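**Q** The structure follows.
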Amino acid sequence: MDRLAAEKETARAQLSSSESKLQGMKEKISVQARKIEELEAWLASKLAKAKLEAEKAKAEADAFVAVYRADAKATQVQAKKAAETAQTRVYWVAELAKCQSRRETLEEIHARGFDLTEEIKKAKELEANAGALASNDDDDRSKSGSESGEEPDGEETAPGENQET
């Protein structure tokens, strides 16, 4: 009986020890589960921040791309206008050279005794107009000087003048 009581006591002690160990393990598992939950929450918040930053960076990049495209388009338009202006100026410089040559020829003929005063006067006017249109200093004159679509002597305007863009 004593032996059974001792075995019973030993079994109870072992049971109590096992229950105590089991309780300790349950507490450790509970602590670890809370740590895991905290880590998961922390990681979820970091992931949300990363997604937000990525969306913000994408929006900024899209804005930069939009500005770049707008700038590129504006630059193309300016380049086209500059090319048209250059083409027009080349035309008017050539016209100026023609007018100067015509005036000089008329003056030479006049110097030989022919009365070409009116023709020389008209040639000087044409030369002045062509000079103004060929000038780099006054773009407004070149625009207003050819609005009618004809030259003062009835010729057509320069290529590229008064064309829709």
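Residues are named by chain letter and number: chains run A, B, ... in the order of the structure tokens, numbers start at 1 in each chain, and ligands are numbered from 1 in the order shown.
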Could you write out, as number ranges by chain, all the residues of chain A that DSSP marks as helix (DSSP H, G or I)?
**A** A: 2-111, 117-134, 139-144
**Q** Find the spatial neighbours of stretch 120-125 of chain A, counting only C-alpha atoms, within a cut-off of 10 Å - ignore same-chain residues fewer than 6 positions away - and output them as a list in words.
**A**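 The filter keeps Lys98, Cys99, Gln100, Ser101, Arg102, Arg103, Glu104, Thr105, Leu106, Glu107, His110, Gly131, Pro152 and Asp153 of chain A.
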**Q** What is the atom CA of A:Leu116 to atom CA of A:Ala94 distance in Å?
**A** 23.7 Å
